[in-house]
Structures are given as C-alpha cells and as structure tokens.
Amino acid sequence: MILRADSAGPVAVAMSGGVDSSAAAAILKSEGREIFGLTMDLFALPAKFRASNAPRDRRGPKTGEDAAAVAAKLGIPHSVVDLKPEFEDRVIADFCAEYGAGRTPNPCVRCNRFIKFGLLFERAARLGAKAMATGHYVRNERDAASGRWLLKKGLDPDKDQSYFLYALTQAELGRALFPLGGLTKAEVRRLALAAGLPAAEKAESQEICFIPDNDYPEFLRGRC
C-alpha cells in the first residue's frame, strides 16, 4: 500500500543543520503538522583528515549540534541516528569500488535511496512517523490517470535536485514531503531569516560530504 505524502500523522524531518532542511521543518511546523527532527550520523573521518576538516564536517557532531539548535528554536523533538556502519557499507565502499573500476559514482544517489529514504525512514517509522520530509528542491505529485507518483524538478532551475532522487521507489515517493519544491533558494533564505532560524545565513556546500577539502585523490588513497 502506498501512503499518501499528504496524509495525516507525524512527519520526521531529515535535518542536516543547514538552511534548506531547517526551512522545510519551519514550513511544516507553520502548517500545523506534527513533526520531529532526525539527523544522520554517517561517518567518522580518518585521523589524518579529521583536524583540518572538522569545522566543515556536515555529518559529524557539528551537524547534530546545528540541527538541534534549529529544532530547539522551532520547539520540536530532535535526535541523532547513528548510521555509520550502514553508510560505510552502502555508500563509501561502493564509491571506492566504482572508482577502482574506472567509473565515476554519485554517492548521493545511493545515500538517498538506501540510507535517508530507506534506513532513516525505518527508524522514523518506529518513532511513529507516517511520512518523511527533506529540504530537497524537488516536487512529487500523483498522476490522476495512472495513480503513480511522479518525481518532478524543483521550480528553481538553479537548485533542482531531482537527479539525486531518481532511484526512489513508488512507496518511498509516496511517503515523502518536499516543502521547498515550489520555492527558490532566495525565498527559502528569506523564510529562514523571518523565522529567526540559526541556519538562516549558513553557507551551503555542494561538495560530497565525506571528502575532506574536496580532495578526491587523497581520499581514495587514504580511505580506499
């Protein structure tokens, strides 16, 4: 059975501590939805990377602290979910294997499919969530004729992230909420500022989260 994304019930918000997921949570809270925040703890950097990259580690302790600060501002429950072994097995190991085979992988696709919309939602469901929201700039709409969920581009052409989510199943799309799909990045920034969110002016990163200093060769030599 495919759960409607607009159905009633608690919603888990995947919170990274950044402006997008923070704004998504604020939007749902303003709509009167019952929400709680979850932050994924995905990896521990090797010692030789940790010192120089610690301030920019979006998935480490700083991420949890930033997300917790936003949750406190919004007055919603928040917890950190340890998914490090699963992330290592499903994402980092595959990343290394693909490069070793001469291919260029996109780890975000696997992370969204297996970790965020897979394992994280399983944890969220145990806490009572009926749907999960993220800060992706995409839209999901149900086709009236076929009954299928359609993954559509976000309205902001500069921020569309549908290519990160193409591997999601119908069941996963049916229980997903994307509050930012119809907004531009500028609108999201203004919303976050108006709500007084701690992440409102936080710089964004488009780098792969587990690659220190965006140095692929060094990471592949040291980790893979």
# chains A, B, ... in the order shown; residues from 1 in each chain; ligands from 1
$ select_by_dssp --residues "segment 12-51 of chain A" --states "alpha helix (DSSP H)" --output "list in words"
Val19, Asp20, Ser21, Ser22, Ala23, Ala24, Ala25, Ala26, Ile27, Leu28, Lys29, Ser30, Ala47, Lys48, Phe49, Arg50 and Ala51 of chain A
$ closest_residue --among "A:Ala194, A:Ala131, A:Met40, A:Val109" --to "Pro10 of chain A" --atoms "only C-alpha atoms"
A:Ala131
$ residues_around --residues "Leu220 of chain A" --least-positions-apart "6" --cutoff "10 Å" --atoms "only C-alpha atoms" --output "JSON, numbers by chain"
{"A": [95, 96, 99, 100, 211]}
$ closest_residue --among "A:Leu151, A:Cys111, A:Ala44, A:Leu193" --to "Pro212 of chain A" --atoms "only C-alpha atoms"
A:Ala44
$ residues_around --residues "Leu42 of chain A" --least-positions-apart "5" --cutoff "12 Å" --atoms "only C-alpha atoms" --output "number ranges by chain"
A: 16, 57-61, 63-64, 80-92, 111, 115-116, 119-120, 209-210
$ residues_around --residues "Ala125 of chain A" --least-positions-apart "2" --cutoff "12 Å" --atoms "only C-alpha atoms" --output "list of chain:residue names"
A:Gly9, A:Pro10, A:Val11, A:Ala12, A:Val13, A:Phe36, A:Leu38, A:Phe117, A:Gly118, A:Leu119, A:Leu120, A:Phe121, A:Glu122, A:Arg123, A:Leu127, A:Gly128, A:Ala129, A:Lys130, A:Ala131, A:Met132, A:Arg175
$ closest_residue --among "A:Leu191, A:Ala72, A:Ala176, A:Ala97" --to "Arg139 of chain A" --atoms "only C-alpha atoms"
A:Ala176
$ atom_distance --atom1 "atom CA of Arg113 of chain A" --atom2 "atom CA of Tyr166 of chain A"
8.8 Å
$ closest_residue --among "A:Leu173, A:Ala195, A:Asn140, A:Ser79" --to "Ser22 of chain A" --atoms "only C-alpha atoms"
A:Ala195
$ closest_atom_pairs --of "segment 48-144 of chain A" --to "segment 198-205 of chain A" --cutoff "8 Å" --atoms "only C-alpha atoms" --output "Markdown table"
| residue | atom | partner | partner_atom | distance |
| --- | --- | --- | --- | --- |
| A:Asp66 | CA | A:Ala199 | CA | 7.5 |
| A:Ala69 | CA | A:Pro198 | CA | 6.9 |
| A:Val70 | CA | A:Pro198 | CA | 6.0 |
| A:Lys73 | CA | A:Pro198 | CA | 7.9 |
$ write_last_selection --atoms "N, CA, C and O atoms" --output "CSV table (one decimal), in the first residue's frame"
chain,number,residue,atom,x,y,z
A,66,ASP,N,24.1,21.8,15.2
A,66,ASP,CA,23.4,22.8,14.4
A,66,ASP,C,21.9,22.4,14.3
A,66,ASP,O,21.0,23.3,14.4
A,69,ALA,N,20.0,22.9,17.5
A,69,ALA,CA,19.7,24.3,17.7
A,69,ALA,C,18.5,24.8,16.9
A,69,ALA,O,17.6,25.5,17.5
A,70,VAL,N,18.3,24.3,15.7
A,70,VAL,CA,17.2,24.7,14.9
A,70,VAL,C,15.9,24.1,15.5
A,70,VAL,O,14.9,24.7,15.6
A,73,LYS,N,14.8,26.0,18.4
A,73,LYS,CA,14.1,27.2,18.0
A,73,LYS,C,12.7,27.0,17.6
A,73,LYS,O,11.8,27.8,17.9
$ select_by_dssp --residues "segment 37-127 of chain A" --states "strand (DSSP E)" --output "list in words"
Gly37, Leu38, Thr39, Met40, Asp41, His78, Ser79, Val80, Val81 and Asp82 of chain A
$ write_last_selection --atoms "N, CA, C and O atoms" --output "JSON list (two decimals), in the first residue's frame"
[["chain", "number", "residue", "atom", "x", "y", "z"],
["A", 37, "GLY", "N", 12.56, 16.12, 14.38],
["A", 37, "GLY", "CA", 13.76, 16.13, 13.56],
["A", 37, "GLY", "C", 14.67, 14.94, 13.81],
["A", 37, "GLY", "O", 14.81, 14.50, 14.95],
["A", 38, "LEU", "N", 15.27, 14.44, 12.76],
["A", 38, "LEU", "CA", 16.26, 13.37, 12.84],
["A", 38, "LEU", "C", 17.50, 13.80, 12.06],
["A", 38, "LEU", "O", 17.39, 14.29, 10.93],
["A", 39, "THR", "N", 18.66, 13.61, 12.66],
["A", 39, "THR", "CA", 19.92, 13.92, 11.99],
["A", 39, "THR", "C", 20.73, 12.64, 11.87],
["A", 39, "THR", "O", 20.89, 11.90, 12.84],
["A", 40, "MET", "N", 21.24, 12.38, 10.68],
["A", 40, "MET", "CA", 22.03, 11.17, 10.44],
["A", 40, "MET", "C", 23.49, 11.39, 10.84],
["A", 40, "MET", "O", 24.11, 12.37, 10.41],
["A", 41, "ASP", "N", 24.04, 10.48, 11.62],
["A", 41, "ASP", "CA", 25.47, 10.44, 11.90],
["A", 41, "ASP", "C", 26.04, 9.37, 10.98],
["A", 41, "ASP", "O", 25.83, 8.17, 11.19],
["A", 78, "HIS", "N", 14.11, 16.34, 18.72],
["A", 78, "HIS", "CA", 15.20, 16.07, 17.78],
["A", 78, "HIS", "C", 16.09, 14.99, 18.34],
["A", 78, "HIS", "O", 16.33, 14.92, 19.55],
["A", 79, "SER", "N", 16.59, 14.12, 17.46],
["A", 79, "SER", "CA", 17.54, 13.11, 17.88],
["A", 79, "SER", "C", 18.49, 12.79, 16.73],
["A", 79, "SER", "O", 18.19, 13.07, 15.56],
["A", 80, "VAL", "N", 19.64, 12.23, 17.09],
["A", 80, "VAL", "CA", 20.66, 11.83, 16.11],
["A", 80, "VAL", "C", 20.61, 10.32, 15.93],
["A", 80, "VAL", "O", 20.53, 9.58, 16.91],
["A", 81, "VAL", "N", 20.64, 9.88, 14.69],
["A", 81, "VAL", "CA", 20.56, 8.45, 14.38],
["A", 81, "VAL", "C", 21.91, 8.00, 13.84],
["A", 81, "VAL", "O", 22.40, 8.52, 12.84],
["A", 82, "ASP", "N", 22.52, 7.02, 14.51],
["A", 82, "ASP", "CA", 23.83, 6.50, 14.10],
["A", 82, "ASP", "C", 23.65, 5.51, 12.95],
["A", 82, "ASP", "O", 23.13, 4.41, 13.15]]
$ residues_around --residues "Gly154 of chain A" --least-positions-apart "6" --cutoff "12 Å" --atoms "only C-alpha atoms" --output "list in words"
Gly135, His136, Tyr137, Val138, Arg139, Asn140, Glu141, Asp160, Gln161, Ser162, Tyr163, Phe164, Leu165, Phe178, Pro179, Leu180, Gly181, Gly182, Leu183, Thr184 and Lys185 of chain A
